[in-house]
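One structure is given below, encoded as structure tokens.
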Amino acid sequence: MELLRHEASTKLYHALLLYGEGEPEDSVIEGEAQLQMGRFIPLLQEVSAFINRCYEVVKLVMQQLSALYTGEKGPSKIINVTDVHFQVVYERLAAVLAVLITLDNIILNHATLKEHWTLYKRMLKSVRRSPEEFGLPEAKVRPFEKLLMTLEGQVLDGFIFQNCVQQTFDQVDLNISVCKNSVFGDEFTTNIRNYLSQLEAQIGDGQEIADRQDLVGVFGLYVLHYHVFHAVDKKTFKLLWDLYKKIPCFVLVGNVVWYPTDFLLNTLRHMANAMDKKAVNAVVTSRLNWLQQQTQGLLSKEQTLHLNVSVWLVRMENSLSCHRKLTDEWTVRQQLFIQGLQFAISIRNLVTLIMNLHLTLQKPMTKTSVLALCHLVELLKAIEHMFHRRTLTVTTSVSHCIQFLCMSLLEVISVAKKRLGSERKLNDKKLDVLSALVLAENSLNGPGTKERRLIANLALSVCAQMKVIREDDLNAIHQAFKSLEVMCDLRQRLQEACNCGFLYWHRVIFPTYLSDICENSYEPFRLHYMFCALKDCVPALERARHASSAQVLLQSFSKEIMKHLKENLLDVICLHIETDLRLHIHMHLQLDSRNPFRASAKPLRQLSAFLKLRPIRFFDSDVNVKSYVEHYLNKTFYNLTTVALHDWKTYSEMRTWAQRKYGLNLIEAHLPSQTLEQGLDVLEIMLNIHVFVSKYLYNLNNQIFVERSSNNKHLNTINIRHIANSIRTHGTGIMNTTVNFTYQFLAKKFFIFSQFMYDEHIKSRLIKDWRFFRENHQQTDQKYPFERAEKFNRGIRKLGLTPDQSSYLDQFRQLISQIGNAMGYVRMIRSGGLHCCSNAIRFVPDLDDIVNFEELCVEEGLSIECQRAARLLDDVISNLSKNFAEGTEYFKMLVDVFAAEFRNPKNIHLRNFFIILPPLTLNFVEHMINSKEKLNKKNKLGAAFTDDGFAMGVAYILKLLDQYNEFDSLHWFQSVREKYIKEKQQIQQQQTTSKVDEKLQQTMTLTVKRLDIYQQEFELLYYSLSSARIFFRADKTAAEEREDINKQTAKESPDSNGAVVSNNNTSNGSTVD
């Protein structure tokens, strides 16, 4: 019978309870219910077979007890059992009946199981109509339907217990009569009363050892007694009915709640009709009052239990660590072991009862109650942890305690045996008692197995019928035997008492618990106890039979718990630590007072304790709070640094402070402090060269491009290092392709350039100015007059303005600047290529003496693959050394490809370009002064500090037109210098020769300053232009260059498609258009 109880609790209960778990909350896949029920039917068959076995066991036990307790006298009687009470048999019988009651209640309260069973039967009707469509033989359909009907009637209709007690116990053919055996009926009643009185005395006294399901079995025994003997023991009924005042309900398993009063009313209909309605209604009211009373006193009870368990833990630790006299030591340890078990049972009963009553009565729990119950669960696991941590000592001590208890029992039995053996005449009854004493003595002389203890218990029951054992000794025997039972089954009882698998049905409280742990961070170690409690759900989940695999439920449960852990604890800790770091870094800003001594200040959370917490083991993974926070901060700081590079220093300081305050070892982001090493990609610039030259400004000396304007707090820059990194990404072949794209861009821009120069308004003015310079060059001292340039600049504005108030000359200046930016970009491409090659070839020891690896591999006789790899290495090194040593003269190519067309006689209108340079440079200087002045203004739209693309463009076009000498003949910059010097001298002369008032003096000073600024800008332009001319070999004319070219043996020229660059430098396979 004990095996039946164990089988039901380990295999059947949880498999039935968990049916339907793991389904998605939003929607169920069509047909999934039928699949689950199909996988579940084998379990229902096992339940049916188990029920039949229980029926048979109950029937046989009843028949055997009936045969034992007969009023007949004669030789056929096996043993005289008058006044002998085999209570242990009734206890085991009650356990089997409790199993049947539990199965009934699990199934009756399982709505999902019934719903899926209905859907499955409906599907089977469809299969019966056309079984061939489902690939099922028609001959198997009918038997299967009969099987389902049998399962439904026996298992799913909720009559498991009722069918057991209503079965026929009499067997006429074997002359077995149970129902009419009045002696057996009286004995049955006596044992029910004795068993009930023993269990009832333990309820609520804090020393409860027995499982409360034993009381459920007592109710089953009473109902069985009524159905077998048809006799009503009103006194026992009243005792059973009044139990609701102490315990309103019983938790059978998981979240299944069983009300004893409802059970009596449903199984004993005649008693239900005789009951007063007020008494029935008082039961419901009593449940609510009991729950309310327990909830109100829960906090104080939790504190009391916490204190008692803490004292027990200290005493337990002390007892297991020290050594006393043997007798005293085993007695103390035995008491401590039993006391720990009693605490565990009391806590578990309290927690499960309150949680399930709230759930059944649909009464919400307060946060205080939830936290108190969670704390009790922690105490439960603390008790279990104490036994587990001292397992070796506890195991040894339990063995010694069992021997000590057996010894004390044997002493009493020995005395009784001597007393009985001293008598001269022994009748049959005394002989039976003496034999029972010998049997008990032999059973206790050995290991305390279940079989030996059962035999000893039955033997002592026989001994109690005579006064061979004194009353006080008999009580001592019962107490010692009770302790022996507990010590022998200590591990199993402790495991059942500390099992927190019921938390699976109440996991909704977990987020509240985690939030409280986070808010009150002084005891984070409690998390280990709670996760140990949650881990108790695993064995139950592994029993599930409706899912395709038990791992489905385990993974679902694990994901749910981890989700709550991250949302309510880990992410909150991460956020608070990040906020605290930010507040510390920005303490120089105005913030609310964080003085902890001020009443208005919010208390700071002590989060360091969480970071010192040992990794939490849950299922197959470890949760390391410190590692999680480190990963979060590393990820957050890295992402935010990439978004706002200017905040790199802030996040670096936060990393340092995180290490100092919290001991967090964060990883450096390894991002550049203020710029991205890759910069704007060469490929992207190449495809959008027209946008690039208009959005960026070129600086000739630093060889850098600066963004013209941006909506961000910073301006992007592009320098040689960026270009080199980009070339390293795409290969050196992209350099030639980039120059070809630049050539195509310049061709479009030169078309616009030609149109502007061909315009009648521009051409006529230029011809007029050139004629004036030739006719008056003697009077102007071979210098182009500044006034003519200024007049030209003003005259152009009369031709019209664009919506942004730009003249045609402004637009022409922008065109020249864009052409110059394109040439600056080509220069940067060449420099970046050389930089990339130098970085790649820096590991070659001597460029003048490069080893041939292919020859070395051949000499060593290496494999063909090695020789092929060495040949490729030689090619790469050769290509790098060639590119590093020679480079490519892209400027010369771009000059040669356009020079012939620019110098063609049909483009004679372009020959006037050098005449427009004086007013063009004057326009540029005014533009630069205006742009630099905007740097100091709040509205920085149009602000700039460099634009050397204009000088580069002027130098390039002058080279194409071969007009360096013509432009130099204007002596324009000398004319400008003399003009500003003359004006400054005139102002200084006025200041020294005549007395002027203060206001005029200030005006003259500002004028001088203005003239200095203009003169400085012109000199900067002159220096930039002189530097740019060096790139195009301004020291030689076109005729001299042609003479040099004729002396060269190799000549590079554009191909038929107008491409600029030949394919001899495409090392990475990049094609050239």
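Ordered as shown in the structure tokens, chains take letters A, B, and onward, while each chain numbers its residues from 1 and ligands are numbered from 1 in the order shown.
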
(request) Mind checking which residues fall within 10 Å of stretch 727-729 of chain A, counting only C-alpha atoms, ignoring those fewer than 4 positions away in the same chain, and posting them as an MDAnalysis selection string? (result) chainID A and resid 678 681:683 721:723 733:735 829 832:833 835:837 839:840

Please report, as CSV, each residue of stretch 67-135 of chain A lying at most 10 Å from stretch 176-192 of chain A, together with the nearest pair of atoms and the separation in Å rounded to one decimal; use only C-alpha atoms, and order rows by chain and ascending residue number.
```
residue,atom,partner,partner_atom,distance
A:Ala67,CA,A:Ile176,CA,7.5
A:Leu68,CA,A:Phe184,CA,8.2
A:Tyr69,CA,A:Phe184,CA,5.2
A:Thr70,CA,A:Val183,CA,6.1
A:Gly71,CA,A:Val183,CA,6.3
A:Glu72,CA,A:Val183,CA,10.0
A:Thr82,CA,A:Glu187,CA,9.6
A:Asp83,CA,A:Glu187,CA,8.8
A:Val84,CA,A:Glu187,CA,9.0
A:His85,CA,A:Asn191,CA,6.9
A:Phe86,CA,A:Asn191,CA,8.0
A:Gln87,CA,A:Asn191,CA,6.0
A:Val88,CA,A:Asn191,CA,9.4
A:Val89,CA,A:Asn191,CA,9.7
A:Tyr90,CA,A:Asn191,CA,7.1
A:Glu91,CA,A:Asn191,CA,9.1
A:Ala94,CA,A:Ile192,CA,9.5
```

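Note that atom CA of A:Ala944 and atom CA of A:Ser931 are 5.1 Å apart.
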
All residues 10 Å or closer to A:Glu200, only C-alpha atoms, same chain fewer than 4 positions away omitted, as a PDB file with all heavy atoms, in the first residue's frame:
```pdb
ATOM      1  N   ASN A 194      -9.141   6.246  17.211  1.00  0.00           N
ATOM      2  CA  ASN A 194      -7.772   6.366  17.749  1.00  0.00           C
ATOM      3  C   ASN A 194      -6.864   7.136  16.787  1.00  0.00           C
ATOM      4  O   ASN A 194      -6.099   8.022  17.207  1.00  0.00           O
ATOM      5  CB  ASN A 194      -7.193   4.976  18.010  1.00  0.00           C
ATOM      6  CG  ASN A 194      -7.914   4.246  19.118  1.00  0.00           C
ATOM      7  OD1 ASN A 194      -8.563   4.870  19.973  1.00  0.00           O
ATOM      8  ND2 ASN A 194      -7.830   2.915  19.124  1.00  0.00           N
ATOM      9  N   TYR A 195      -6.949   6.780  15.525  1.00  0.00           N
ATOM     10  CA  TYR A 195      -6.100   7.438  14.507  1.00  0.00           C
ATOM     11  C   TYR A 195      -6.461   8.913  14.403  1.00  0.00           C
ATOM     12  O   TYR A 195      -5.588   9.794  14.334  1.00  0.00           O
ATOM     13  CB  TYR A 195      -6.297   6.727  13.169  1.00  0.00           C
ATOM     14  CG  TYR A 195      -5.281   7.087  12.112  1.00  0.00           C
ATOM     15  CD1 TYR A 195      -4.028   7.596  12.455  1.00  0.00           C
ATOM     16  CD2 TYR A 195      -5.574   6.914  10.758  1.00  0.00           C
ATOM     17  CE1 TYR A 195      -3.095   7.900  11.477  1.00  0.00           C
ATOM     18  CE2 TYR A 195      -4.646   7.228   9.786  1.00  0.00           C
ATOM     19  CZ  TYR A 195      -3.409   7.725  10.142  1.00  0.00           C
ATOM     20  OH  TYR A 195      -2.488   8.052   9.178  1.00  0.00           O
ATOM     21  N   LEU A 196      -7.755   9.236  14.409  1.00  0.00           N
ATOM     22  CA  LEU A 196      -8.205  10.624  14.307  1.00  0.00           C
ATOM     23  C   LEU A 196      -7.758  11.440  15.516  1.00  0.00           C
ATOM     24  O   LEU A 196      -7.310  12.588  15.375  1.00  0.00           O
ATOM     25  CB  LEU A 196      -9.730  10.662  14.176  1.00  0.00           C
ATOM     26  CG  LEU A 196     -10.379  12.049  14.130  1.00  0.00           C
ATOM     27  CD1 LEU A 196      -9.845  12.851  12.945  1.00  0.00           C
ATOM     28  CD2 LEU A 196     -11.894  11.942  14.036  1.00  0.00           C
ATOM     29  N   GLY A 204      -1.805  22.311  14.682  1.00  0.00           N
ATOM     30  CA  GLY A 204      -1.693  23.651  15.239  1.00  0.00           C
ATOM     31  C   GLY A 204      -0.803  23.778  16.445  1.00  0.00           C
ATOM     32  O   GLY A 204      -0.668  24.875  16.991  1.00  0.00           O
ATOM     33  N   ASP A 205      -0.154  22.703  16.882  1.00  0.00           N
ATOM     34  CA  ASP A 205       0.691  22.812  18.069  1.00  0.00           C
ATOM     35  C   ASP A 205       2.155  23.067  17.719  1.00  0.00           C
ATOM     36  O   ASP A 205       3.007  23.151  18.610  1.00  0.00           O
ATOM     37  CB  ASP A 205       0.576  21.562  18.941  1.00  0.00           C
ATOM     38  CG  ASP A 205       1.064  20.310  18.222  1.00  0.00           C
ATOM     39  OD1 ASP A 205       1.334  20.401  16.996  1.00  0.00           O
ATOM     40  OD2 ASP A 205       1.175  19.253  18.862  1.00  0.00           O
ATOM     41  N   GLU A 208       3.861  19.225  14.498  1.00  0.00           N
ATOM     42  CA  GLU A 208       3.205  18.329  13.556  1.00  0.00           C
ATOM     43  C   GLU A 208       4.257  17.555  12.767  1.00  0.00           C
ATOM     44  O   GLU A 208       5.158  18.132  12.163  1.00  0.00           O
ATOM     45  CB  GLU A 208       2.331  19.150  12.600  1.00  0.00           C
ATOM     46  CG  GLU A 208       1.249  18.346  11.924  1.00  0.00           C
ATOM     47  CD  GLU A 208       0.246  19.241  11.211  1.00  0.00           C
ATOM     48  OE1 GLU A 208       0.301  20.475  11.412  1.00  0.00           O
ATOM     49  OE2 GLU A 208      -0.577  18.717  10.448  1.00  0.00           O
ATOM     50  N   ARG A 212      -0.548  15.830   6.470  1.00  0.00           N
ATOM     51  CA  ARG A 212      -1.971  16.149   6.609  1.00  0.00           C
ATOM     52  C   ARG A 212      -2.843  15.332   5.674  1.00  0.00           C
ATOM     53  O   ARG A 212      -4.067  15.291   5.834  1.00  0.00           O
ATOM     54  CB  ARG A 212      -2.193  17.637   6.368  1.00  0.00           C
ATOM     55  CG  ARG A 212      -1.728  18.489   7.547  1.00  0.00           C
ATOM     56  CD  ARG A 212      -2.217  19.896   7.469  1.00  0.00           C
ATOM     57  NE  ARG A 212      -1.837  20.644   8.662  1.00  0.00           N
ATOM     58  CZ  ARG A 212      -2.086  21.936   8.841  1.00  0.00           C
ATOM     59  NH1 ARG A 212      -2.726  22.620   7.900  1.00  0.00           N
ATOM     60  NH2 ARG A 212      -1.718  22.547   9.953  1.00  0.00           N
ATOM     61  N   LEU A 215      -4.978  12.750   7.362  1.00  0.00           N
ATOM     62  CA  LEU A 215      -6.329  13.113   7.782  1.00  0.00           C
ATOM     63  C   LEU A 215      -7.326  12.909   6.650  1.00  0.00           C
ATOM     64  O   LEU A 215      -8.488  12.544   6.886  1.00  0.00           O
ATOM     65  CB  LEU A 215      -6.356  14.568   8.252  1.00  0.00           C
ATOM     66  CG  LEU A 215      -6.045  14.805   9.735  1.00  0.00           C
ATOM     67  CD1 LEU A 215      -5.901  16.290  10.009  1.00  0.00           C
ATOM     68  CD2 LEU A 215      -7.136  14.214  10.610  1.00  0.00           C
ATOM     69  N   LEU A 239     -16.735  14.856  15.047  1.00  0.00           N
ATOM     70  CA  LEU A 239     -15.314  15.192  15.164  1.00  0.00           C
ATOM     71  C   LEU A 239     -14.726  15.564  13.803  1.00  0.00           C
ATOM     72  O   LEU A 239     -13.949  16.514  13.681  1.00  0.00           O
ATOM     73  CB  LEU A 239     -14.549  14.006  15.771  1.00  0.00           C
ATOM     74  CG  LEU A 239     -14.825  13.699  17.249  1.00  0.00           C
ATOM     75  CD1 LEU A 239     -14.116  12.405  17.661  1.00  0.00           C
ATOM     76  CD2 LEU A 239     -14.370  14.858  18.126  1.00  0.00           C
ATOM     77  N   LEU A 240     -15.116  14.770  12.806  1.00  0.00           N
ATOM     78  CA  LEU A 240     -14.611  15.049  11.457  1.00  0.00           C
ATOM     79  C   LEU A 240     -15.156  16.378  10.934  1.00  0.00           C
ATOM     80  O   LEU A 240     -14.429  17.166  10.304  1.00  0.00           O
ATOM     81  CB  LEU A 240     -15.002  13.914  10.506  1.00  0.00           C
ATOM     82  CG  LEU A 240     -14.329  12.561  10.766  1.00  0.00           C
ATOM     83  CD1 LEU A 240     -14.940  11.486   9.874  1.00  0.00           C
ATOM     84  CD2 LEU A 240     -12.834  12.656  10.506  1.00  0.00           C
ATOM     85  N   LEU A 243     -13.538  19.628  12.231  1.00  0.00           N
ATOM     86  CA  LEU A 243     -12.141  19.883  11.870  1.00  0.00           C
ATOM     87  C   LEU A 243     -11.980  21.163  11.049  1.00  0.00           C
ATOM     88  O   LEU A 243     -10.900  21.756  11.016  1.00  0.00           O
ATOM     89  CB  LEU A 243     -11.575  18.701  11.080  1.00  0.00           C
ATOM     90  CG  LEU A 243     -10.924  17.577  11.883  1.00  0.00           C
ATOM     91  CD1 LEU A 243     -10.464  16.471  10.956  1.00  0.00           C
ATOM     92  CD2 LEU A 243      -9.761  18.101  12.704  1.00  0.00           C
ATOM     93  N   LYS A 246     -10.389  24.105  12.676  1.00  0.00           N
ATOM     94  CA  LYS A 246      -8.931  24.154  12.788  1.00  0.00           C
ATOM     95  C   LYS A 246      -8.268  24.272  11.421  1.00  0.00           C
ATOM     96  O   LYS A 246      -7.313  25.032  11.246  1.00  0.00           O
ATOM     97  CB  LYS A 246      -8.414  22.889  13.492  1.00  0.00           C
ATOM     98  CG  LYS A 246      -8.779  22.808  14.968  1.00  0.00           C
ATOM     99  CD  LYS A 246      -8.120  21.589  15.602  1.00  0.00           C
ATOM    100  CE  LYS A 246      -8.401  21.535  17.099  1.00  0.00           C
ATOM    101  NZ  LYS A 246      -7.742  20.362  17.739  1.00  0.00           N
TER     102      LYS A 246
END
```

(request) Pull the strand (DSSP E) assignments for stretch 673-890 of chain A out of DSSP run on the backbone, and list those residues as a list in words. (result) Tyr696, Leu697, Tyr698, Asn699, Ile704, Phe705, Val706, Glu707, Thr717 and Ile718 of chain A

(request) Quick one: pick out all helix (DSSP H, G or I) residues within stretch 704-907 of chain A from a backbone DSSP run and write them as number ranges by chain. (result) A: 720-730, 733-758, 760-775, 786-797, 808-841, 853-860, 864-885, 890-902, 905-907

(request) Do a neighbour search on stretch 384-392 of chain A at 10 Å with only C-alpha atoms, toss out local chain neighbours closer than 3 positions, and write the hits as a ChimeraX atom specification. (result) /A:313,316-317,320-321,337,340-341,344,378-381,395-397,491,494-495,497-499,529,532

Output file for the selection above: N, CA and C atoms, as a PDB file, in the first residue's frame:
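The resulting file, again.pdb, is shown below:
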```
ATOM      1  N   LEU A 313      19.005  26.874  13.712  1.00  0.00           N
ATOM      2  CA  LEU A 313      20.186  26.774  12.863  1.00  0.00           C
ATOM      3  C   LEU A 313      21.467  26.935  13.678  1.00  0.00           C
ATOM      4  N   MET A 316      21.865  23.842  15.811  1.00  0.00           N
ATOM      5  CA  MET A 316      22.234  22.722  14.944  1.00  0.00           C
ATOM      6  C   MET A 316      23.722  22.803  14.574  1.00  0.00           C
ATOM      7  N   GLU A 317      24.158  23.960  14.212  1.00  0.00           N
ATOM      8  CA  GLU A 317      25.568  24.145  13.849  1.00  0.00           C
ATOM      9  C   GLU A 317      26.471  23.848  15.042  1.00  0.00           C
ATOM     10  N   LEU A 320      26.449  19.967  15.840  1.00  0.00           N
ATOM     11  CA  LEU A 320      27.169  19.136  14.881  1.00  0.00           C
ATOM     12  C   LEU A 320      28.667  19.420  14.888  1.00  0.00           C
ATOM     13  N   SER A 321      29.058  20.494  15.564  1.00  0.00           N
ATOM     14  CA  SER A 321      30.481  20.867  15.576  1.00  0.00           C
ATOM     15  C   SER A 321      31.195  20.443  16.850  1.00  0.00           C
ATOM     16  N   PHE A 337      17.062  17.206  15.029  1.00  0.00           N
ATOM     17  CA  PHE A 337      16.620  16.724  13.713  1.00  0.00           C
ATOM     18  C   PHE A 337      15.094  16.742  13.610  1.00  0.00           C
ATOM     19  N   GLY A 340      13.774  20.338  13.494  1.00  0.00           N
ATOM     20  CA  GLY A 340      13.924  20.933  12.163  1.00  0.00           C
ATOM     21  C   GLY A 340      12.862  20.436  11.199  1.00  0.00           C
ATOM     22  N   LEU A 341      12.557  19.141  11.275  1.00  0.00           N
ATOM     23  CA  LEU A 341      11.501  18.586  10.426  1.00  0.00           C
ATOM     24  C   LEU A 341      10.151  19.188  10.781  1.00  0.00           C
ATOM     25  N   ALA A 344       9.881  22.604   9.314  1.00  0.00           N
ATOM     26  CA  ALA A 344       9.672  22.536   7.863  1.00  0.00           C
ATOM     27  C   ALA A 344       8.227  22.185   7.528  1.00  0.00           C
ATOM     28  N   GLU A 378      11.926  30.833   1.908  1.00  0.00           N
ATOM     29  CA  GLU A 378      13.380  30.911   2.104  1.00  0.00           C
ATOM     30  C   GLU A 378      13.799  30.163   3.363  1.00  0.00           C
ATOM     31  N   LEU A 379      13.000  30.298   4.432  1.00  0.00           N
ATOM     32  CA  LEU A 379      13.303  29.562   5.662  1.00  0.00           C
ATOM     33  C   LEU A 379      13.247  28.057   5.425  1.00  0.00           C
ATOM     34  N   LEU A 380      12.300  27.652   4.611  1.00  0.00           N
ATOM     35  CA  LEU A 380      12.158  26.231   4.289  1.00  0.00           C
ATOM     36  C   LEU A 380      13.424  25.698   3.618  1.00  0.00           C
ATOM     37  N   LYS A 381      13.932  26.464   2.651  1.00  0.00           N
ATOM     38  CA  LYS A 381      15.149  26.031   1.960  1.00  0.00           C
ATOM     39  C   LYS A 381      16.380  26.193   2.844  1.00  0.00           C
ATOM     40  N   THR A 395      24.233  12.127   8.487  1.00  0.00           N
ATOM     41  CA  THR A 395      24.056  10.707   8.173  1.00  0.00           C
ATOM     42  C   THR A 395      24.614   9.824   9.285  1.00  0.00           C
ATOM     43  N   THR A 396      25.807  10.169   9.745  1.00  0.00           N
ATOM     44  CA  THR A 396      26.406   9.391  10.849  1.00  0.00           C
ATOM     45  C   THR A 396      25.564   9.507  12.115  1.00  0.00           C
ATOM     46  N   SER A 397      25.109  10.720  12.396  1.00  0.00           N
ATOM     47  CA  SER A 397      24.325  10.934  13.609  1.00  0.00           C
ATOM     48  C   SER A 397      22.994  10.201  13.557  1.00  0.00           C
ATOM     49  N   ARG A 491      15.329  11.509   5.787  1.00  0.00           N
ATOM     50  CA  ARG A 491      15.689  12.099   4.496  1.00  0.00           C
ATOM     51  C   ARG A 491      14.468  12.254   3.597  1.00  0.00           C
ATOM     52  N   LEU A 494      12.027  14.872   5.109  1.00  0.00           N
ATOM     53  CA  LEU A 494      12.572  16.225   4.953  1.00  0.00           C
ATOM     54  C   LEU A 494      12.451  16.687   3.502  1.00  0.00           C
ATOM     55  N   GLN A 495      12.697  15.783   2.585  1.00  0.00           N
ATOM     56  CA  GLN A 495      12.587  16.132   1.170  1.00  0.00           C
ATOM     57  C   GLN A 495      11.150  16.512   0.808  1.00  0.00           C
ATOM     58  N   ALA A 497       8.846  17.607   2.967  1.00  0.00           N
ATOM     59  CA  ALA A 497       8.453  18.818   3.693  1.00  0.00           C
ATOM     60  C   ALA A 497       9.060  20.072   3.066  1.00  0.00           C
ATOM     61  N   CYS A 498      10.282  19.963   2.547  1.00  0.00           N
ATOM     62  CA  CYS A 498      10.969  21.132   1.974  1.00  0.00           C
ATOM     63  C   CYS A 498      10.779  21.253   0.468  1.00  0.00           C
ATOM     64  N   ASN A 499       9.991  20.376  -0.107  1.00  0.00           N
ATOM     65  CA  ASN A 499       9.744  20.450  -1.548  1.00  0.00           C
ATOM     66  C   ASN A 499       8.834  21.636  -1.858  1.00  0.00           C
ATOM     67  N   TYR A 529      18.167  30.927  -2.056  1.00  0.00           N
ATOM     68  CA  TYR A 529      17.124  30.068  -1.485  1.00  0.00           C
ATOM     69  C   TYR A 529      15.894  30.016  -2.382  1.00  0.00           C
ATOM     70  N   CYS A 532      16.562  27.914  -5.413  1.00  0.00           N
ATOM     71  CA  CYS A 532      16.542  26.499  -5.036  1.00  0.00           C
ATOM     72  C   CYS A 532      15.107  25.998  -4.921  1.00  0.00           C
TER      73      CYS A 532
END
```

(message) Taking 2 positions as the minimum chain separation for residues in the same chain, which residues sit within 9 Å of A:Gln34 when counting only C-alpha atoms? Answer as a list in words.
(response) Glu30, Gly31, Glu32, Gln36, Met37, Gly38, Arg39, His116, Trp117, Leu119, Tyr120 and Met123 of chain A

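With distances restricted to only C-alpha atoms, A:Leu353 is the closest residue to A:Ile247 from A:Glu901, A:Leu353, A:Phe40, A:Ala279.
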
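Separating atom CA of A:Met587 from atom CA of A:Lys649 is a distance of 15.3 Å.
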
(request) For A:His761, list every protein, DNA or RNA residue within 12 Å, evaluated using only C-alpha atoms, and leave out those in the same chain fewer than 2 positions away; present the list as a VMD selection string. (result) chain A and resid 755 to 759 763 to 768 792 795 to 800 808 to 809

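Going from atom CA of A:Leu108 to atom CA of A:Asn356 covers 16.5 Å.
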